[in-house]
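J.: The structure file start21.txt (compact mmCIF, C-alpha atoms) is provided below.
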# COMPACT_ATOMS: atom_id res chain seq x y z
CA MET A 679 154.96 -30.73 19.68
CA THR A 680 156.45 -27.28 19.54
CA THR A 681 154.33 -24.19 19.50
CA PRO A 682 154.83 -21.88 16.52
CA PRO A 683 156.66 -18.65 17.33
CA ALA A 684 154.39 -15.83 18.39
CA PRO A 685 154.14 -12.99 15.87
CA THR A 686 155.72 -10.55 18.29
CA LEU A 687 159.25 -9.40 17.73
CA ASP A 688 160.45 -8.94 21.31
CA ALA A 689 164.01 -9.34 22.44
CA ASP A 690 165.04 -11.93 19.87
CA PRO A 691 168.19 -10.64 18.13
CA PHE A 692 167.15 -12.28 14.88
CA ALA A 693 163.72 -10.66 15.14
CA ILE A 694 165.31 -7.31 15.83
CA GLU A 695 167.46 -7.70 12.74
CA LEU A 696 164.40 -8.64 10.70
CA ASP A 697 162.69 -5.52 11.89
CA THR A 698 165.40 -3.29 10.38
CA HIS A 699 164.02 -4.29 6.97
CA ARG A 700 160.41 -3.54 7.82
CA ARG A 701 160.31 -0.13 6.13
CA TYR A 702 161.70 -1.47 2.86
CA LEU A 703 159.37 -4.48 2.81
CA LEU A 704 156.35 -2.30 3.56
CA ARG A 705 157.27 0.01 0.71
CA VAL A 706 157.52 -2.89 -1.71
CA ALA A 707 154.29 -4.45 -0.44
CA ARG A 708 152.42 -1.15 -0.72
CA LEU A 709 153.61 -0.67 -4.31
CA GLN A 710 152.21 -4.09 -5.06
CA LEU A 711 148.98 -4.16 -3.15
CA ARG A 712 148.01 -0.46 -2.98
CA ASP A 713 146.45 -1.14 0.38
CA ARG A 714 148.19 -0.11 3.57
CA ASP A 715 146.49 -2.65 5.85
CA LEU A 716 146.97 -5.52 3.45
CA ALA A 717 150.64 -4.51 3.05
CA GLU A 718 151.09 -4.52 6.85
CA ASP A 719 149.50 -7.97 7.03
CA VAL A 720 151.69 -9.37 4.30
CA VAL A 721 154.88 -8.02 5.90
CA GLN A 722 153.78 -9.38 9.27
CA GLU A 723 153.19 -12.79 7.69
CA THR A 724 156.63 -12.53 6.11
CA PHE A 725 158.21 -11.97 9.53
CA VAL A 726 156.28 -14.84 11.06
CA ALA A 727 157.39 -17.13 8.25
CA ALA A 728 160.98 -15.87 8.58
CA LEU A 729 161.04 -16.55 12.31
CA ALA A 730 159.55 -20.00 11.84
CA GLY A 731 161.93 -20.79 9.00
CA ARG A 732 165.08 -19.11 10.22
CA ALA A 733 166.99 -22.38 9.90
CA GLY A 734 166.45 -22.00 6.16
CA PHE A 735 168.42 -18.77 6.11
CA SER A 736 171.87 -19.86 5.06
CA GLY A 737 173.50 -16.45 5.10
CA ARG A 738 174.59 -17.00 1.52
CA SER A 739 172.23 -14.30 0.34
CA SER A 740 171.67 -11.17 2.39
CA LEU A 741 168.87 -11.18 4.93
CA LYS A 742 167.11 -8.52 2.87
CA THR A 743 167.18 -10.71 -0.23
CA TRP A 744 165.96 -13.72 1.74
CA LEU A 745 163.09 -11.73 3.26
CA THR A 746 162.19 -10.32 -0.14
CA GLY A 747 161.93 -13.89 -1.44
CA ILE A 748 159.44 -14.76 1.31
CA LEU A 749 157.53 -11.53 0.70
CA LYS A 750 157.30 -12.41 -2.99
CA HIS A 751 155.35 -15.59 -2.21
CA LYS A 752 153.07 -13.78 0.22
CA ILE A 753 152.37 -11.08 -2.36
CA VAL A 754 151.66 -13.56 -5.14
CA ASP A 755 149.18 -15.26 -2.80
CA ALA A 756 147.59 -11.91 -1.96
CA ILE A 757 147.34 -10.98 -5.66
CA ARG A 758 145.63 -14.31 -6.37
CA HIS A 759 143.06 -13.68 -3.66
CA LYS A 760 142.55 -10.07 -4.66
CA GLN A 761 142.18 -10.97 -8.33
CA ARG A 762 138.93 -12.74 -7.56
CA ARG A 763 137.44 -9.48 -6.42
CA PRO A 764 136.52 -6.99 -9.13
CA VAL A 765 139.12 -4.47 -7.91
CA ALA A 766 142.18 -5.32 -9.93
CA ALA A 767 140.60 -6.15 -13.26
CA THR A 768 140.29 -2.61 -14.59
CA ALA A 769 143.62 -1.41 -13.26
CA PHE A 770 145.58 -2.00 -16.44
CA ASP A 771 143.38 -0.17 -18.91
CA GLU A 772 145.33 3.07 -18.56
CA THR A 773 148.69 1.53 -19.36
CA LEU A 774 148.24 -0.83 -22.27
CA ASP A 775 148.63 1.67 -25.05
CA VAL A 776 152.20 2.32 -26.10
CA ASP A 777 151.02 5.43 -27.94
CA VAL A 778 150.63 7.16 -24.59
CA LEU A 779 154.38 7.48 -24.69
CA ASP A 780 154.31 9.06 -28.10
CA GLY A 781 153.76 12.43 -26.47
CA MET A 782 157.50 12.37 -25.85
CA PHE A 783 158.23 12.37 -29.57
CA THR A 784 157.49 14.68 -32.47
CA ASP A 785 155.35 13.41 -35.34
CA ASP A 786 158.40 12.18 -37.20
CA GLY A 787 159.64 10.32 -34.14
CA ALA A 788 162.35 12.63 -32.73
CA TRP A 789 162.69 13.35 -29.00
CA LYS A 790 160.82 16.49 -27.96
CA ALA A 791 163.08 16.77 -24.94
CA PRO A 792 166.17 14.65 -25.61
CA PRO A 793 167.61 12.84 -22.58
CA ALA A 794 170.10 15.04 -20.74
CA ASP A 795 173.71 14.20 -20.07
CA TRP A 796 173.84 12.47 -16.67
CA GLY A 797 177.61 12.70 -16.48
CA ASP A 798 178.97 9.79 -14.49
CA PRO A 799 175.87 8.51 -12.68
CA GLU A 800 177.69 5.72 -10.82
CA ASN A 801 178.40 7.99 -7.82
CA ALA A 802 174.70 8.29 -7.21
CA LEU A 803 174.39 4.58 -6.44
CA ALA A 804 176.41 4.96 -3.25
CA GLN A 805 174.25 7.81 -1.93
CA SER A 806 171.24 7.14 0.28
CA GLU A 807 169.69 10.42 -0.88
CA PHE A 808 169.66 9.07 -4.42
CA MET A 809 168.02 5.84 -3.24
CA ASP A 810 165.32 7.97 -1.55
CA VAL A 811 164.70 9.81 -4.81
CA LEU A 812 164.49 6.47 -6.62
CA ALA A 813 161.96 5.21 -4.05
CA ARG A 814 159.87 8.37 -4.46
CA CYS A 815 160.00 8.02 -8.25
CA LEU A 816 158.73 4.43 -7.91
CA ASP A 817 155.87 5.72 -5.74
CA ARG A 818 154.94 8.19 -8.45
CA LEU A 819 154.48 5.59 -11.19
CA PRO A 820 150.87 4.91 -12.13
CA PRO A 821 149.65 2.11 -9.80
CA ALA A 822 149.43 -0.73 -12.29
CA THR A 823 152.75 0.26 -13.84
CA ALA A 824 154.44 0.30 -10.44
CA ARG A 825 153.09 -3.14 -9.64
CA VAL A 826 154.41 -4.73 -12.78
CA PHE A 827 157.76 -2.99 -12.59
CA THR A 828 158.38 -3.98 -8.97
CA LEU A 829 157.23 -7.56 -9.60
CA ARG A 830 159.91 -7.67 -12.23
CA GLU A 831 162.75 -5.59 -10.82
CA ILE A 832 162.39 -5.99 -7.05
CA LEU A 833 160.61 -9.30 -6.55
CA GLU A 834 162.38 -10.72 -9.63
CA LEU A 835 159.47 -12.66 -11.07
CA GLU A 836 160.05 -14.05 -14.56
CA SER A 837 158.11 -12.46 -17.42
CA ASP A 838 155.88 -15.48 -17.96
CA GLU A 839 155.06 -15.69 -14.23
CA ILE A 840 153.99 -12.03 -14.25
CA CYS A 841 151.83 -12.53 -17.33
CA LYS A 842 150.20 -15.56 -15.74
CA GLU A 843 149.55 -13.99 -12.34
CA LEU A 844 148.14 -10.77 -13.79
CA SER A 845 146.48 -12.29 -16.87
CA ILE A 846 148.25 -10.02 -19.34
CA THR A 847 149.99 -10.77 -22.64
CA ALA A 848 153.73 -10.61 -23.21
CA ASN A 849 153.22 -7.51 -25.31
CA ASN A 850 151.16 -5.85 -22.58
CA LEU A 851 153.98 -6.64 -20.19
CA TRP A 852 156.55 -5.05 -22.43
CA VAL A 853 154.48 -1.90 -22.93
CA ILE A 854 154.01 -1.52 -19.17
CA LEU A 855 157.70 -2.06 -18.43
CA HIS A 856 158.71 0.34 -21.19
CA ARG A 857 156.40 2.95 -19.77
CA ALA A 858 157.82 2.37 -16.29
CA ARG A 859 161.42 2.77 -17.47
CA VAL A 860 160.66 5.89 -19.46
CA SER A 861 158.78 7.45 -16.53
CA LEU A 862 161.49 6.53 -14.03
CA ARG A 863 164.17 7.93 -16.31
CA GLN A 864 162.35 11.21 -16.56
CA CYS A 865 161.69 11.36 -12.82
CA LEU A 866 165.33 10.65 -11.95
CA GLU A 867 166.50 13.25 -14.43
CA GLN A 868 164.18 15.91 -13.04
CA ASN A 869 164.73 15.13 -9.38
CA TRP A 870 168.36 14.17 -9.24
CA PHE A 871 170.51 14.62 -12.32
CA ALA A 872 169.10 17.98 -13.36
CA ALA A 873 168.15 19.10 -9.84
CA ALA A 874 170.35 21.31 -7.68
CA PRO A 875 173.13 18.88 -6.81
CA ARG A 876 173.58 17.79 -3.21
CA ARG A 877 176.57 15.81 -4.33
CA MET P 22 172.29 11.54 -45.81
CA LEU P 23 172.74 11.52 -42.08
CA HIS P 24 169.23 12.80 -41.66
CA ARG P 25 167.86 10.07 -43.86
CA LEU P 26 169.70 7.32 -42.01
CA THR P 27 168.34 8.33 -38.62
CA HIS P 28 164.98 8.46 -40.34
CA ILE P 29 165.01 4.76 -41.18
CA VAL P 30 164.76 4.16 -37.45
CA SER P 31 163.25 7.05 -35.53
CA CYS P 32 164.19 7.86 -31.94
CA ARG P 33 160.74 6.63 -30.99
CA GLU P 34 161.43 3.25 -32.56
CA ALA P 35 164.98 3.11 -31.20
CA SER P 36 163.72 3.77 -27.66
CA ARG P 37 161.24 0.92 -28.06
CA LEU P 38 163.92 -1.44 -29.32
CA LEU P 39 166.14 -0.50 -26.38
CA SER P 40 163.35 -1.30 -23.96
CA ARG P 41 162.49 -4.52 -25.78
CA ARG P 42 166.11 -5.55 -25.51
CA GLU P 43 165.66 -5.70 -21.74
CA GLU P 44 162.95 -8.36 -22.21
CA ARG P 45 164.23 -10.53 -25.01
CA PRO P 46 167.18 -10.75 -27.40
CA LEU P 47 166.58 -8.62 -30.49
CA ALA P 48 166.35 -10.18 -33.94
CA SER P 49 169.37 -9.50 -36.12
CA VAL P 50 167.49 -6.97 -38.26
CA GLU P 51 166.45 -5.12 -35.10
CA ARG P 52 169.99 -5.20 -33.76
CA PHE P 53 171.31 -3.80 -37.01
CA LYS P 54 168.73 -1.01 -37.16
CA LEU P 55 169.37 -0.10 -33.54
CA ALA P 56 173.15 -0.13 -33.87
CA LEU P 57 172.92 2.08 -36.94
CA HIS P 58 170.67 4.55 -35.18
CA LEU P 59 172.82 4.67 -32.04
CA ARG P 60 175.93 5.49 -34.07
CA LEU P 61 174.20 8.56 -35.36
CA CYS P 62 172.10 9.67 -32.41
CA ARG P 63 173.56 11.05 -29.20
CA ALA P 64 170.17 11.37 -27.47
CA CYS P 65 169.35 7.68 -27.90
CA THR P 66 172.87 6.68 -26.88
CA ARG P 67 172.25 8.54 -23.62
CA PHE P 68 168.86 6.89 -23.29
CA ALA P 69 170.50 3.47 -23.78
CA ARG P 70 173.09 4.15 -21.05
CA GLN P 71 170.43 5.48 -18.74
CA LEU P 72 168.34 2.33 -19.09
CA VAL P 73 171.37 0.24 -18.14
CA PHE P 74 171.96 2.55 -15.18
CA ILE P 75 168.33 2.25 -14.05
CA ARG P 76 168.63 -1.51 -14.06
CA ARG P 77 171.77 -1.24 -11.92
CA ALA P 78 170.03 1.19 -9.59
CA MET P 79 167.19 -1.30 -9.10
CA VAL P 80 169.68 -4.05 -8.27
CA ARG P 81 171.19 -1.73 -5.69
CA TYR P 82 167.78 -0.80 -4.35
CA ARG P 83 166.77 -4.38 -3.69
CA SER P 84 170.10 -5.54 -2.22
Once more with this new file: its structure as structure tokens, please.
T.:
Amino acid sequence: MTTPPAPTLDADPFAIELDTHRRYLLRVARLQLRDRDLAEDVVQETFVAALAGRAGFSGRSSLKTWLTGILKHKIVDAIRHKQRRPVAATAFDETLDVDVLDGMFTDDGAWKAPPADWGDPENALAQSEFMDVLARCLDRLPPATARVFTLREILELESDEICKELSITANNLWVILHRARVSLRQCLEQNWFAAAPRR
Amino acid sequence: MLHRLTHIVSCREASRLLSRREERPLASVERFKLALHLRLCRACTRFARQLVFIRRAMVRYRS
């Protein structure tokens, strides 16, 4: 009978490597759960599971991707538990109306402020400053919108899984994701592509 | 004429089709309407490229 690894991260090189991803995982968990303590718990559980299951890490995917996969399961569990409390139920009301986005268009459907020319945006992808701006733009999304978008784009849940876990329709899902993309686009434009370049 | 063609599909509708395209394949009528609009509209062409870029940025963010 072996004892399970203690949830401390001392002096084990693998544990130290895990810990380098703590900030990222906490960010993702906070976007999902909107609760700092719960996010800490879920990330801690992820590390415990990773240490216990390290043999399952083949090195074929990156450690970050592997950890994110574990985090995904922990978050889905947390959402299921949270869902039973009356907290989450009302969270989507604000985002289900696609007409909210219509403020961006004139009455006959033209852009009020047409998207700007981003030039060649590929350079931005290699810059950590850009990734910080992206992270801040994700933080600025309305809470329910951020949750759905990160479930989809970071935790890589399939559409039907998201609809099932959050009890929303496919059309609701699309509206929320559309809103997220439009908001992110605007935020990136304002804070990177149209901002004073540090490039 | 040009004005009327972009009017068949507004920028509002084109932006929705572009976002829908990320979730499911568009029907052929939708594809046709979108392609027609994009040929005539520089703003929506930018929007389309920017959505693709955002998807790539998210891949980068999570890897």
J.: Quick check, in Å to one decimal: how far apart do atom CA of P:Ser31 and atom CA of P:Val50 lie?
T.: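 Taking atom CA of P:Ser31 and atom CA of P:Val50, their separation equals 14.9 Å.
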J.: Smallest atom-to-atom distance to P:Phe68: which of A:Thr828, A:Ser740, A:Asn869, A:Gln864, using all atoms listed in the file?
T.: A:Gln864
J.: Counting all atoms listed in the file, a student should be able to say which residues of chain P come within 10 Å of chain A; what is the right answer, written as an MDAnalysis selection string?
T.: chainID P and resid 27:28 30:41 43:45 63:72 74:84
J.: Could you check which of A:Leu709, A:Asp798, A:Asp690, A:Gly747 is closest to A:Phe827, using all atoms listed in the file?
T.: A:Leu709
J.: Which distance in Å separates atom CA of A:Leu829 and atom CA of A:Gly737, to one decimal?
T.: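 One can read the atom CA of A:Leu829 to atom CA of A:Gly737 distance as 23.7 Å.
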J.: Between atom CA of P:Arg60 and atom CA of A:Asn850, what is the distance in Å, rounded to a tenth?
T.: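 Separation between atom CA of P:Arg60 and atom CA of A:Asn850: 29.6 Å.
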J.: Which residue is closest to A:Ala693? Choose from A:Ala728, A:Ala707, A:Leu749, A:Val721 and count only C-alpha atoms.
T.: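 Ranking A:Ala728, A:Ala707, A:Leu749, A:Val721 by distance to A:Ala693, first place goes to A:Ala728.
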J.: Using all atoms listed in the file, pick whichever of A:Gln868, A:Phe692, A:Asp697, A:Ile753 has the shortest atom-to-atom distance to A:Gly731.
T.: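 Using all atoms listed in the file, the shortest distance to A:Gly731 belongs to A:Phe692.
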J.: Output stretch 26-61 of chain P as a tab-separated table (two decimals), keeping the file's coordinate frame, making sure N, CA and C atoms are there.
T.:
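Produced file part-v3.tsv, reproduced below:
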chain	number	residue	atom	x	y	z
P	26	LEU	N	169.37	8.56	-42.73
P	26	LEU	CA	169.70	7.32	-42.01
P	26	LEU	C	169.01	7.26	-40.66
P	27	THR	N	169.02	8.36	-39.92
P	27	THR	CA	168.34	8.33	-38.62
P	27	THR	C	166.84	8.18	-38.83
P	28	HIS	N	166.39	8.56	-40.03
P	28	HIS	CA	164.98	8.46	-40.34
P	28	HIS	C	164.50	7.03	-40.53
P	29	ILE	N	165.40	6.16	-40.98
P	29	ILE	CA	165.01	4.76	-41.18
P	29	ILE	C	164.49	4.20	-39.85
P	30	VAL	N	165.23	4.51	-38.78
P	30	VAL	CA	164.76	4.16	-37.45
P	30	VAL	C	164.64	5.47	-36.68
P	31	SER	N	163.43	5.81	-36.29
P	31	SER	CA	163.25	7.05	-35.53
P	31	SER	C	163.71	6.85	-34.09
P	32	CYS	N	163.87	7.95	-33.36
P	32	CYS	CA	164.19	7.86	-31.94
P	32	CYS	C	163.08	7.11	-31.20
P	33	ARG	N	161.85	7.34	-31.63
P	33	ARG	CA	160.74	6.63	-30.99
P	33	ARG	C	160.93	5.12	-31.12
P	34	GLU	N	161.26	4.69	-32.35
P	34	GLU	CA	161.43	3.25	-32.56
P	34	GLU	C	162.67	2.74	-31.84
P	35	ALA	N	163.75	3.53	-31.88
P	35	ALA	CA	164.98	3.11	-31.20
P	35	ALA	C	164.74	2.94	-29.71
P	36	SER	N	163.97	3.86	-29.11
P	36	SER	CA	163.72	3.77	-27.66
P	36	SER	C	162.92	2.50	-27.35
P	37	ARG	N	162.02	2.15	-28.26
P	37	ARG	CA	161.24	0.92	-28.06
P	37	ARG	C	162.13	-0.32	-28.18
P	38	LEU	N	163.01	-0.29	-29.16
P	38	LEU	CA	163.92	-1.44	-29.32
P	38	LEU	C	164.81	-1.59	-28.09
P	39	LEU	N	165.27	-0.45	-27.56
P	39	LEU	CA	166.14	-0.50	-26.38
P	39	LEU	C	165.40	-1.11	-25.19
P	40	SER	N	164.13	-0.77	-25.07
P	40	SER	CA	163.35	-1.30	-23.96
P	40	SER	C	163.03	-2.78	-24.20
P	41	ARG	N	162.75	-3.13	-25.44
P	41	ARG	CA	162.49	-4.52	-25.78
P	41	ARG	C	163.70	-5.41	-25.50
P	42	ARG	N	164.86	-4.82	-25.72
P	42	ARG	CA	166.11	-5.55	-25.51
P	42	ARG	C	166.26	-6.01	-24.05
P	43	GLU	N	165.60	-5.30	-23.15
P	43	GLU	CA	165.66	-5.70	-21.74
P	43	GLU	C	164.81	-6.95	-21.51
P	44	GLU	N	163.87	-7.22	-22.40
P	44	GLU	CA	162.95	-8.36	-22.21
P	44	GLU	C	163.37	-9.59	-22.99
P	45	ARG	N	163.88	-9.37	-24.19
P	45	ARG	CA	164.23	-10.53	-25.01
P	45	ARG	C	165.35	-10.12	-25.96
P	46	PRO	N	166.14	-11.09	-26.43
P	46	PRO	CA	167.18	-10.75	-27.40
P	46	PRO	C	166.53	-10.20	-28.67
P	47	LEU	N	167.13	-9.19	-29.26
P	47	LEU	CA	166.58	-8.62	-30.49
P	47	LEU	C	166.93	-9.52	-31.68
P	48	ALA	N	166.05	-9.49	-32.68
P	48	ALA	CA	166.35	-10.18	-33.94
P	48	ALA	C	167.50	-9.45	-34.62
P	49	SER	N	168.18	-10.12	-35.53
P	49	SER	CA	169.37	-9.50	-36.12
P	49	SER	C	169.04	-8.22	-36.89
P	50	VAL	N	167.89	-8.20	-37.54
P	50	VAL	CA	167.49	-6.97	-38.26
P	50	VAL	C	167.31	-5.82	-37.26
P	51	GLU	N	166.66	-6.15	-36.13
P	51	GLU	CA	166.45	-5.12	-35.10
P	51	GLU	C	167.78	-4.63	-34.54
P	52	ARG	N	168.67	-5.57	-34.29
P	52	ARG	CA	169.99	-5.20	-33.76
P	52	ARG	C	170.72	-4.27	-34.72
P	53	PHE	N	170.63	-4.60	-36.00
P	53	PHE	CA	171.31	-3.80	-37.01
P	53	PHE	C	170.72	-2.39	-37.07
P	54	LYS	N	169.40	-2.32	-37.09
P	54	LYS	CA	168.73	-1.01	-37.16
P	54	LYS	C	169.09	-0.16	-35.93
P	55	LEU	N	169.08	-0.82	-34.79
P	55	LEU	CA	169.37	-0.10	-33.54
P	55	LEU	C	170.82	0.39	-33.52
P	56	ALA	N	171.73	-0.50	-33.89
P	56	ALA	CA	173.15	-0.13	-33.87
P	56	ALA	C	173.40	1.05	-34.81
P	57	LEU	N	172.76	1.00	-35.97
P	57	LEU	CA	172.92	2.08	-36.94
P	57	LEU	C	172.41	3.40	-36.35
P	58	HIS	N	171.25	3.33	-35.74
P	58	HIS	CA	170.67	4.55	-35.18
P	58	HIS	C	171.56	5.11	-34.06
P	59	LEU	N	172.04	4.21	-33.20
P	59	LEU	CA	172.82	4.67	-32.04
P	59	LEU	C	174.13	5.32	-32.48
P	60	ARG	N	174.68	4.88	-33.60
P	60	ARG	CA	175.93	5.49	-34.07
P	60	ARG	C	175.72	6.94	-34.47
P	61	LEU	N	174.47	7.23	-34.82
P	61	LEU	CA	174.20	8.56	-35.36
P	61	LEU	C	173.45	9.47	-34.38
